[in-house]
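Shown below: run.csv, with CSV, C-alpha atoms and all ligand atoms.
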```csv
chain,number,residue,atom,x,y,z
A,1126,MET,CA,0.0,0.0,0.0
A,1127,ASN,CA,1.3,3.5,-0.9
A,1128,PRO,CA,1.5,5.3,2.4
A,1129,ILE,CA,0.0,8.8,2.7
A,1130,LEU,CA,2.2,10.9,4.9
A,1131,LEU,CA,0.9,13.9,6.9
A,1132,SER,CA,2.9,16.4,8.8
A,1133,SER,CA,1.7,16.4,12.4
A,1134,PRO,CA,1.8,20.0,13.7
A,1135,LEU,CA,4.3,21.3,16.3
A,1136,GLN,CA,3.3,24.6,17.8
A,1137,GLY,CA,6.1,27.1,17.4
A,1138,LEU,CA,8.0,24.9,14.8
A,1139,THR,CA,6.0,23.8,11.8
A,1140,ASP,CA,4.6,27.2,10.9
A,1141,PHE,CA,4.3,28.3,7.3
A,1142,ARG,CA,7.9,29.3,7.0
A,1143,PHE,CA,9.0,25.8,8.0
A,1144,ARG,CA,6.4,24.2,5.8
A,1145,ASN,CA,7.4,26.2,2.7
A,1146,ALA,CA,11.1,25.5,3.2
A,1147,PHE,CA,10.4,21.8,3.9
A,1148,ASN,CA,8.3,21.5,0.8
A,1149,LYS,CA,10.9,23.2,-1.3
A,1150,TYR,CA,13.9,21.0,-0.3
A,1151,PHE,CA,12.5,17.6,0.8
A,1152,GLY,CA,8.9,16.8,-0.1
A,1153,GLY,CA,7.2,13.5,0.6
A,1154,ILE,CA,4.4,15.0,2.7
A,1155,ASP,CA,0.9,14.8,1.3
A,1156,ALA,CA,-0.7,17.3,3.6
A,1157,PHE,CA,0.4,19.5,6.5
A,1158,TYR,CA,-1.7,20.2,9.6
A,1159,ALA,CA,-1.3,23.7,10.9
A,1160,PRO,CA,-0.5,24.1,14.6
A,1161,SER,CA,-3.7,24.6,16.6
A,1162,PHE,CA,-5.3,28.0,17.3
A,1163,ARG,CA,-7.5,29.1,20.2
A,1164,ILE,CA,-10.2,31.7,20.3
A,1165,ASN,CA,-10.3,32.3,24.0
A,1166,GLY,CA,-13.9,33.7,24.2
A,1167,LYS,CA,-13.1,36.6,21.9
A,1168,ARG,CA,-14.5,36.5,18.4
A,1169,GLU,CA,-11.2,37.1,16.7
A,1170,ILE,CA,-8.2,35.2,15.3
A,1171,LYS,CA,-4.7,36.2,16.3
A,1172,PRO,CA,-2.8,37.8,13.5
A,1173,SER,CA,0.1,35.4,13.8
A,1174,TYR,CA,-2.3,32.5,13.3
A,1175,GLU,CA,-4.1,34.2,10.4
A,1176,ARG,CA,-0.7,34.7,8.7
A,1177,ASP,CA,0.1,31.0,9.3
A,1178,ILE,CA,-2.9,29.7,7.4
A,1179,LEU,CA,-3.4,32.4,4.8
A,1180,PRO,CA,-3.5,30.5,1.4
A,1181,GLU,CA,-1.0,32.9,-0.1
A,1182,ASN,CA,1.5,31.9,2.6
A,1183,ASN,CA,0.9,28.2,1.8
A,1184,THR,CA,1.1,27.9,-1.9
A,1185,GLY,CA,1.9,24.6,-3.4
A,1186,LEU,CA,1.1,22.6,-0.3
A,1187,GLU,CA,-2.1,21.2,1.2
A,1188,LEU,CA,-2.9,22.6,4.5
A,1189,ILE,CA,-5.5,21.6,7.1
A,1190,PRO,CA,-6.2,24.2,9.8
A,1191,GLN,CA,-6.6,23.0,13.4
A,1192,ILE,CA,-8.7,24.3,16.3
A,1193,ILE,CA,-8.4,23.6,20.0
A,1194,THR,CA,-11.6,24.3,21.8
A,1195,SER,CA,-14.3,22.9,24.1
A,1196,ASN,CA,-17.0,25.3,23.0
A,1197,ALA,CA,-19.4,24.9,20.1
A,1198,ASP,CA,-19.7,28.6,19.4
A,1199,GLU,CA,-15.9,28.9,19.1
A,1200,PHE,CA,-15.8,25.9,16.8
A,1201,LEU,CA,-18.5,27.3,14.6
A,1202,PHE,CA,-16.8,30.7,14.5
A,1203,ALA,CA,-13.5,29.0,13.5
A,1204,ALA,CA,-15.2,26.9,10.9
A,1205,GLU,CA,-16.7,29.9,9.2
A,1206,TYR,CA,-13.4,31.7,9.4
A,1207,VAL,CA,-11.4,28.9,7.7
A,1208,GLN,CA,-14.2,28.4,5.2
A,1209,LYS,CA,-13.9,32.0,4.2
A,1210,LEU,CA,-10.2,31.5,3.5
A,1211,GLY,CA,-11.2,28.6,1.2
A,1212,TYR,CA,-10.6,25.6,3.5
A,1213,LYS,CA,-13.1,22.8,3.6
A,1214,GLU,CA,-11.8,20.9,6.6
A,1215,LEU,CA,-11.1,21.8,10.2
A,1216,ASN,CA,-9.2,19.4,12.4
A,1217,TRP,CA,-10.1,19.3,16.1
A,1218,ASN,CA,-7.3,18.9,18.6
A,1219,LEU,CA,-8.2,16.6,21.5
A,1220,GLY,CA,-4.6,15.7,22.1
A,1221,CYS,CA,-2.8,18.6,23.6
A,1222,PRO,CA,-1.4,17.5,27.0
A,1223,TYR,CA,-0.4,20.8,28.5
A,1224,PRO,CA,-1.8,21.5,32.0
A,1225,MET,CA,-3.0,25.0,31.2
A,1226,VAL,CA,-5.1,23.5,28.3
A,1227,VAL,CA,-6.2,20.3,30.1
A,1228,LYS,CA,-7.3,22.3,33.2
A,1229,ARG,CA,-9.7,24.2,30.9
A,1230,GLY,CA,-11.2,20.9,29.6
A,1231,MET,CA,-9.6,21.3,26.2
A,1232,GLY,CA,-7.1,19.1,24.3
A,1233,SER,CA,-6.6,15.7,25.9
A,1234,GLY,CA,-8.6,17.1,28.9
A,1235,LEU,CA,-11.8,16.9,26.9
A,1236,ILE,CA,-11.6,13.2,26.1
A,1237,LYS,CA,-13.1,12.3,29.5
A,1238,ASP,CA,-16.2,14.2,28.6
A,1239,PRO,CA,-18.0,12.3,25.8
A,1240,THR,CA,-21.2,14.2,26.5
A,1241,LYS,CA,-19.6,17.5,25.8
A,1242,ILE,CA,-17.9,16.2,22.7
A,1243,ASP,CA,-21.3,14.9,21.5
A,1244,SER,CA,-23.0,18.2,22.1
A,1245,ILE,CA,-20.3,20.2,20.3
A,1246,LEU,CA,-20.3,17.9,17.3
A,1247,ASN,CA,-24.1,17.9,17.3
A,1248,ARG,CA,-24.2,21.7,16.8
A,1249,VAL,CA,-21.2,21.8,14.4
A,1250,TYR,CA,-22.9,19.3,12.1
A,1251,ALA,CA,-26.3,21.0,12.4
A,1252,GLU,CA,-25.0,24.5,11.8
A,1253,SER,CA,-22.0,24.2,9.5
A,1254,GLY,CA,-21.0,22.4,6.4
A,1255,ILE,CA,-17.3,22.1,7.5
A,1256,ILE,CA,-15.6,18.7,7.2
A,1257,VAL,CA,-14.5,17.7,10.6
A,1258,SER,CA,-11.5,15.5,11.4
A,1259,MET,CA,-10.0,14.8,14.8
A,1260,LYS,CA,-6.7,14.3,16.4
A,1261,MET,CA,-6.7,12.7,19.8
A,1262,ARG,CA,-4.9,10.7,22.4
A,1263,LEU,CA,-6.2,7.7,24.3
A,1264,GLY,CA,-7.2,9.9,27.2
A,1265,TYR,CA,-5.6,12.2,29.7
A,1266,GLU,CA,-5.5,10.0,32.9
A,1267,THR,CA,-6.0,6.5,31.4
A,1268,ASN,CA,-5.9,4.7,28.1
A,1269,GLU,CA,-9.6,3.7,28.6
A,1270,GLU,CA,-11.1,7.2,28.2
A,1271,ILE,CA,-11.2,7.1,24.4
A,1272,PHE,CA,-13.4,4.0,24.5
A,1273,GLN,CA,-16.2,6.1,25.9
A,1274,VAL,CA,-15.8,8.6,23.1
A,1275,LEU,CA,-15.5,6.4,20.0
A,1276,PRO,CA,-19.1,5.2,20.2
A,1277,VAL,CA,-20.3,8.8,20.3
A,1278,LEU,CA,-18.2,9.6,17.2
A,1279,GLU,CA,-20.0,6.9,15.3
A,1280,LYS,CA,-23.0,9.2,15.1
A,1281,TYR,CA,-21.1,11.7,13.0
A,1282,PRO,CA,-19.5,11.6,9.5
A,1283,ILE,CA,-16.0,12.5,10.9
A,1284,LYS,CA,-13.5,12.4,8.1
A,1285,ASN,CA,-10.9,10.6,10.1
A,1286,ILE,CA,-9.5,10.2,13.6
A,1287,ALA,CA,-5.8,10.5,14.0
A,1288,ILE,CA,-4.7,8.8,17.2
A,1289,HIS,CA,-1.5,9.5,19.0
A,1290,ALA,CA,-1.6,6.4,21.2
A,1291,ARG,CA,-0.4,8.0,24.5
A,1292,ILE,CA,-2.3,9.5,27.3
A,1293,GLY,CA,-2.0,13.2,28.1
A,1294,LYS,CA,-0.2,12.6,31.4
A,1295,GLN,CA,2.7,11.0,29.5
A,1296,LEU,CA,3.3,14.2,27.6
A,1297,TYR,CA,5.7,13.0,24.9
A,1298,LYS,CA,7.5,10.4,27.0
A,1299,GLY,CA,7.2,6.6,27.4
A,1300,GLU,CA,6.0,4.1,24.9
A,1301,VAL,CA,3.3,4.5,22.4
A,1302,ASP,CA,0.5,2.1,23.4
A,1303,LEU,CA,0.2,0.0,20.2
A,1304,ASP,CA,-2.2,-2.5,21.7
A,1305,SER,CA,-4.7,0.2,22.6
A,1306,PHE,CA,-4.2,1.7,19.1
A,1307,GLN,CA,-5.2,-1.6,17.6
A,1308,LYS,CA,-8.2,-1.7,20.0
A,1309,CYS,CA,-9.3,1.7,18.7
A,1310,VAL,CA,-9.1,0.5,15.1
A,1311,ASP,CA,-11.2,-2.5,16.0
A,1312,THR,CA,-13.8,-0.4,17.9
A,1313,THR,CA,-14.5,2.4,15.5
A,1314,GLY,CA,-16.0,2.4,12.1
A,1315,HIS,CA,-14.2,5.6,11.2
A,1316,THR,CA,-10.9,5.9,9.3
A,1317,VAL,CA,-8.0,6.0,11.7
A,1318,TYR,CA,-4.7,7.6,11.1
A,1319,PHE,CA,-1.6,6.5,13.1
A,1320,ASN,CA,0.5,9.0,14.9
A,1321,GLY,CA,3.5,8.6,17.3
A,1322,ASP,CA,7.2,8.1,17.2
A,1323,ILE,CA,7.8,7.4,13.6
A,1324,THR,CA,11.5,8.4,13.4
A,1325,SER,CA,13.1,6.1,10.8
A,1326,VAL,CA,12.3,4.0,7.7
A,1327,PRO,CA,12.7,0.6,9.5
A,1328,LEU,CA,10.4,1.8,12.3
A,1329,PHE,CA,7.8,2.9,9.8
A,1330,ASN,CA,8.0,-0.4,8.1
A,1331,ASP,CA,7.5,-2.2,11.4
A,1332,MET,CA,4.4,-0.1,12.0
A,1333,ALA,CA,3.1,-0.6,8.5
A,1334,LYS,CA,3.5,-4.4,8.9
A,1335,ARG,CA,1.8,-4.4,12.3
A,1336,PHE,CA,-1.1,-2.2,11.1
A,1337,PRO,CA,-1.7,-3.2,7.5
A,1338,MET,CA,-5.2,-1.6,7.6
A,1339,ILE,CA,-3.7,1.9,8.1
A,1340,ASP,CA,-2.7,3.9,5.1
A,1341,HIS,CA,-2.4,7.4,6.6
A,1342,TRP,CA,0.5,8.2,8.9
A,1343,MET,CA,1.2,11.4,10.7
A,1344,ILE,CA,4.7,12.3,11.6
A,1345,GLY,CA,5.6,15.2,13.9
A,1346,ARG,CA,9.0,15.4,15.5
A,1347,GLY,CA,10.5,12.9,13.1
A,1348,ILE,CA,10.3,15.2,10.1
A,1349,ILE,CA,12.0,18.0,11.9
A,1350,ALA,CA,14.7,15.7,13.2
A,1351,ASP,CA,15.2,14.2,9.7
A,1352,PRO,CA,13.5,16.1,7.0
A,1353,PHE,CA,14.4,13.4,4.5
A,1354,LEU,CA,12.3,10.8,6.3
A,1355,PRO,CA,9.0,11.2,4.4
A,1356,SER,CA,10.6,10.9,1.0
A,1357,MET,CA,12.8,8.0,2.2
A,1358,ILE,CA,9.7,6.2,3.6
A,1359,LYS,CA,7.9,6.7,0.2
A,1360,ASN,CA,10.9,5.3,-1.7
A,1361,ASN,CA,11.4,2.6,1.0
A,1362,THR,CA,15.1,3.4,1.3
A,1363,THR,CA,17.5,4.2,4.1
A,1364,LYS,CA,19.9,5.8,1.7
A,1365,TYR,CA,20.2,9.6,1.8
A,1366,PRO,CA,20.6,11.6,-1.4
A,1367,GLU,CA,24.3,12.3,-2.2
A,1368,ASN,CA,23.7,16.0,-1.7
A,1369,ARG,CA,22.1,15.6,1.7
A,1370,ILE,CA,24.2,18.2,3.4
A,1371,GLU,CA,23.8,20.7,0.6
A,1372,LEU,CA,20.0,20.4,0.8
A,1373,LEU,CA,20.1,20.7,4.6
A,1374,SER,CA,22.3,23.7,4.3
A,1375,LYS,CA,20.0,25.4,1.9
A,1376,PHE,CA,17.0,24.5,4.0
A,1377,HIS,CA,18.6,25.9,7.1
A,1378,GLU,CA,19.6,29.1,5.2
A,1379,MET,CA,16.0,29.6,4.0
A,1380,LEU,CA,14.6,29.2,7.5
A,1381,LEU,CA,17.3,31.6,8.9
A,1382,GLN,CA,16.6,34.2,6.3
A,1383,ASP,CA,12.8,34.0,6.7
A,1384,TYR,CA,13.0,34.3,10.5
A,1385,SER,CA,15.6,37.0,10.3
A,1386,GLN,CA,13.1,39.1,8.4
A,1387,VAL,CA,10.4,38.9,11.0
A,1388,LEU,CA,12.1,38.5,14.4
A,1389,SER,CA,13.7,41.4,15.9
A,1390,GLY,CA,17.2,41.1,17.2
A,1391,GLY,CA,19.8,38.3,16.9
A,1392,HIS,CA,18.8,36.9,20.3
A,1393,HIS,CA,15.3,36.0,19.1
A,1394,ILE,CA,16.5,34.6,15.8
A,1395,ILE,CA,19.0,32.4,17.5
A,1396,MET,CA,16.5,31.2,20.0
A,1397,LYS,CA,14.1,30.2,17.2
A,1398,MET,CA,16.8,28.4,15.3
A,1399,GLN,CA,18.0,26.6,18.5
A,1400,GLN,CA,14.5,25.3,18.9
A,1401,PHE,CA,14.9,23.5,15.5
A,1402,TRP,CA,18.3,22.3,16.4
A,1403,GLU,CA,17.0,20.4,19.4
A,1404,TYR,CA,15.4,18.2,16.7
A,1405,PHE,CA,18.0,18.5,13.9
A,1406,ALA,CA,20.8,17.5,16.3
A,1407,THR,CA,19.4,13.9,16.5
A,1408,SER,CA,20.4,13.5,12.9
A,1409,PHE,CA,24.0,14.4,13.7
A,1410,PRO,CA,25.0,12.1,16.5
A,1411,ASN,CA,28.7,12.5,15.7
A,1412,SER,CA,28.7,16.3,16.0
A,1413,ARG,CA,27.9,16.8,19.7
A,1414,LYS,CA,30.7,19.3,20.2
A,1415,GLU,CA,29.5,21.4,17.2
A,1416,PHE,CA,25.9,21.2,18.4
A,1417,LYS,CA,26.9,22.5,21.9
A,1418,ARG,CA,28.5,25.5,20.1
A,1419,ILE,CA,25.3,26.1,18.3
A,1420,LYS,CA,23.4,26.0,21.6
A,1421,ARG,CA,25.9,28.4,23.3
A,1422,ALA,CA,26.0,30.9,20.4
A,1423,LYS,CA,25.4,34.4,21.7
A,1424,ASN,CA,25.2,36.3,18.4
A,1425,ILE,CA,24.3,35.5,14.8
A,1426,LYS,CA,27.9,35.4,13.6
A,1427,ALA,CA,28.9,32.8,16.2
A,1428,TYR,CA,25.7,30.9,15.4
A,1429,GLU,CA,26.4,30.8,11.7
A,1430,GLN,CA,30.0,29.8,12.2
A,1431,ALA,CA,29.0,26.9,14.5
A,1432,VAL,CA,26.4,25.7,11.9
A,1433,ARG,CA,28.9,25.9,9.1
A,1434,GLU,CA,31.4,23.9,11.2
A,1435,LEU,CA,28.8,21.2,11.9
A,1436,LEU,CA,27.6,20.9,8.3
A,1437,SER,CA,31.1,20.9,6.9
A,1438,LYS,CA,32.2,18.2,9.4
A,1439,GLU,CA,29.1,16.1,8.4
A,1440,ASN,CA,29.8,16.7,4.7
A,1441,ASN,CA,33.3,15.2,5.1
A,1442,GLN,CA,32.3,12.1,6.9
A,1501,LIG,C1,6.4,21.2,20.9
A,1501,LIG,C2,5.2,20.4,20.4
A,1501,LIG,C3,4.1,21.1,19.9
A,1501,LIG,C4,3.0,20.4,19.4
A,1501,LIG,N1,1.9,21.2,18.9
A,1501,LIG,C5,0.8,20.5,18.5
A,1501,LIG,C6,-0.3,21.1,17.9
A,1501,LIG,O1,-0.4,22.4,17.8
A,1501,LIG,N2,-1.3,20.4,17.4
A,1501,LIG,C7,-1.3,19.0,17.5
A,1501,LIG,O2,-2.3,18.4,17.1
A,1501,LIG,N3,-0.3,18.3,18.0
A,1501,LIG,C8,0.8,19.0,18.5
A,1501,LIG,N4,1.9,18.3,18.9
A,1501,LIG,C9,1.9,16.9,18.9
A,1501,LIG,C10,2.5,16.3,17.6
A,1501,LIG,O3,1.8,16.8,16.5
A,1501,LIG,C11,2.5,14.8,17.6
A,1501,LIG,O4,1.1,14.4,17.7
A,1501,LIG,C12,3.3,14.2,18.7
A,1501,LIG,O5,4.5,14.8,18.8
A,1501,LIG,C13,3.5,12.7,18.4
A,1501,LIG,O6,3.9,12.4,17.1
A,1501,LIG,P1,5.5,12.3,16.8
A,1501,LIG,O7,6.1,11.2,17.7
A,1501,LIG,O8,5.5,11.9,15.3
A,1501,LIG,O9,6.1,13.6,17.0
A,1501,LIG,C14,3.0,19.0,19.4
A,1501,LIG,C15,4.1,18.3,19.9
A,1501,LIG,C16,5.2,19.0,20.4
A,1501,LIG,C17,6.4,18.2,20.9
```
Any chance you could give the structure as structure tokens?
Amino acid sequence: MNPILLSSPLQGLTDFRFRNAFNKYFGGIDAFYAPSFRINGKREIKPSYERDILPENNTGLELIPQIITSNADEFLFAAEYVQKLGYKELNWNLGCPYPMVVKRGMGSGLIKDPTKIDSILNRVYAESGIIVSMKMRLGYETNEEIFQVLPVLEKYPIKNIAIHARIGKQLYKGEVDLDSFQKCVDTTGHTVYFNGDITSVPLFNDMAKRFPMIDHWMIGRGIIADPFLPSMIKNNTTKYPENRIELLSKFHEMLLQDYSQVLSGGHHIIMKMQQFWEYFATSFPNSRKEFKRIKRAKNIKAYEQAVRELLSKENNQ
């Protein structure tokens, strides 16, 4: 089966600048999910989010906006807003594990409330023509919570349910619960997408073997750590292109230039790039010393020098 690969969003990282640079140099992703936005009771969309999903900032790639909310009015407001921009689908985030979100009964904190999920979907389907897809965890406290929700979802024509088979309390740590994922697939009549810890071609192949009924795979951290991963999965190869470092270098340059234009001051630019390097670094296990230099860089010149050293060392290996 030809896998369909989706970019799982990372707030603060996979914004439109990342998506465009990624698409230009690596490819292999069939659709990108935008990091989630919140409405917070006000009937307005933050300009930074608006910029992130404006079609003119996302040309040549398929984008699916995502909302995080526990309120039907907010959902409907967001649906109308994204429809006006030309989107047909809105993804609903029931996975976010952060305490501030969970405390407000949103993200993975909403999974334990199937009645509320039901009443929100009821209104959304009654009052809007938006296509709804969902992204969720197994629960917040336990991996049983989702099994109270799946029967409720059967009532609605949800496009798909992407499941990150962890509980919210785990954050991003510990194992992905593959047995519970299988149980979800067996329980629901909806199309299920797999999400969680796909970081290499062999690992992907293991998952594809274990879940032959799955053809949509969402990859989050793995595509930042190794942007070649989606195209390598599609070509079923573990071999990098010969010009790997050249492509990485151009990709990095494009990100750096784009962020330099919008962030004020070297400090902010370096901080943003260092966020990416926390992931990139896992692709360069032999360059720990150079990575430390990138992390310690206090100005753009030192940062660029450290990146150059790392890339040229990798190029010569
Ligand atoms: C820093 C960070 C930010 C994230 N932001 C979002 C988000 O906005 N929306 C969402 O659905 N998931 C978000 N996620 C979760 C990822 O999309 C993904 O579901 C999770 O990391 C598991 O998949 P992976 O192992 O392939 O990364 C975030 C994860 C991290 C680490």
Checklist line | Within 7 Å of ligand LIG 1501 (chain A) (all atoms listed in the file), residues as a list in words | finding: Ser1133, Pro1134, Leu1135, Gln1136, Gly1137, Pro1160, Ser1161, Asn1218, Gly1220, Cys1221, Lys1260, His1289, Tyr1297, Asn1320, Gly1321, Asp1322, Ile1323, Met1343, Ile1344, Gly1345, Arg1346 and Gly1347 of chain A
Margin query: Could you tell me how far CA of Ser1253 (chain A) sits from CA of Phe1162 (chain A), in Å to one decimal place?
Written below: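 Atom-to-atom, CA of Phe1162 (chain A) and CA of Ser1253 (chain A) are spaced 18.8 Å apart.
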Note to self: Quick one: residues within 10 Å of Leu1373 (chain A), all atoms listed in the file, excluding same-chain residues fewer than 5 positions away - as a ChimeraX atom specification?
What the structure shows: /A:1147,1150-1151,1351-1353,1368,1378-1379,1405,1436
Note to self: Residues within 9 Å of Val1249 (chain A), please, as an MDAnalysis selection string. Count only C-alpha atoms; anything in the same chain fewer than 6 positions from it doesn't count.
What the structure shows: chainID A and resid 1197:1198 1200:1201 1204 1255 1257
Item checked: Shell around Glu1371 (chain A) at 10 Å using only C-alpha atoms, local window under 5 positions removed, as a ChimeraX atom specification -> /A:1150,1366,1376-1377,1436-1437,1440
Taking the block just given, write region 1410-1425 of chain A to a file that holds N, CA and C atoms, as a compact mmCIF listing (two decimals), in the first residue's frame.
```txt
# COMPACT_ATOMS: atom_id res chain seq x y z
N PRO A 1410 24.51 12.61 15.25
CA PRO A 1410 25.00 12.11 16.55
C PRO A 1410 26.51 12.27 16.72
N ASN A 1411 27.22 12.45 15.61
CA ASN A 1411 28.69 12.55 15.74
C ASN A 1411 29.17 13.98 15.91
N SER A 1412 28.24 14.92 15.96
CA SER A 1412 28.67 16.32 16.03
C SER A 1412 28.21 16.99 17.31
N ARG A 1413 28.35 16.26 18.43
CA ARG A 1413 27.88 16.80 19.71
C ARG A 1413 28.56 18.12 20.07
N LYS A 1414 29.89 18.15 19.81
CA LYS A 1414 30.67 19.34 20.18
C LYS A 1414 30.17 20.56 19.39
N GLU A 1415 29.95 20.34 18.10
CA GLU A 1415 29.49 21.45 17.24
C GLU A 1415 28.08 21.88 17.64
N PHE A 1416 27.25 20.90 18.01
CA PHE A 1416 25.89 21.22 18.43
C PHE A 1416 25.91 22.08 19.70
N LYS A 1417 26.81 21.71 20.61
CA LYS A 1417 26.92 22.51 21.86
C LYS A 1417 27.27 23.95 21.52
N ARG A 1418 28.14 24.12 20.52
CA ARG A 1418 28.53 25.46 20.12
C ARG A 1418 27.33 26.22 19.55
N ILE A 1419 26.50 25.50 18.81
CA ILE A 1419 25.28 26.14 18.28
C ILE A 1419 24.40 26.58 19.45
N LYS A 1420 24.28 25.72 20.45
CA LYS A 1420 23.42 26.03 21.60
C LYS A 1420 23.95 27.19 22.44
N ARG A 1421 25.28 27.33 22.43
CA ARG A 1421 25.88 28.39 23.26
C ARG A 1421 26.02 29.72 22.52
N ALA A 1422 25.77 29.71 21.20
CA ALA A 1422 26.03 30.92 20.40
C ALA A 1422 25.28 32.13 20.96
N LYS A 1423 26.01 33.23 21.10
CA LYS A 1423 25.40 34.43 21.69
C LYS A 1423 25.06 35.49 20.64
N ASN A 1424 25.60 35.32 19.46
CA ASN A 1424 25.24 36.26 18.39
C ASN A 1424 25.17 35.51 17.06
N ILE A 1425 24.59 36.18 16.07
CA ILE A 1425 24.34 35.51 14.79
C ILE A 1425 25.63 35.01 14.15
```
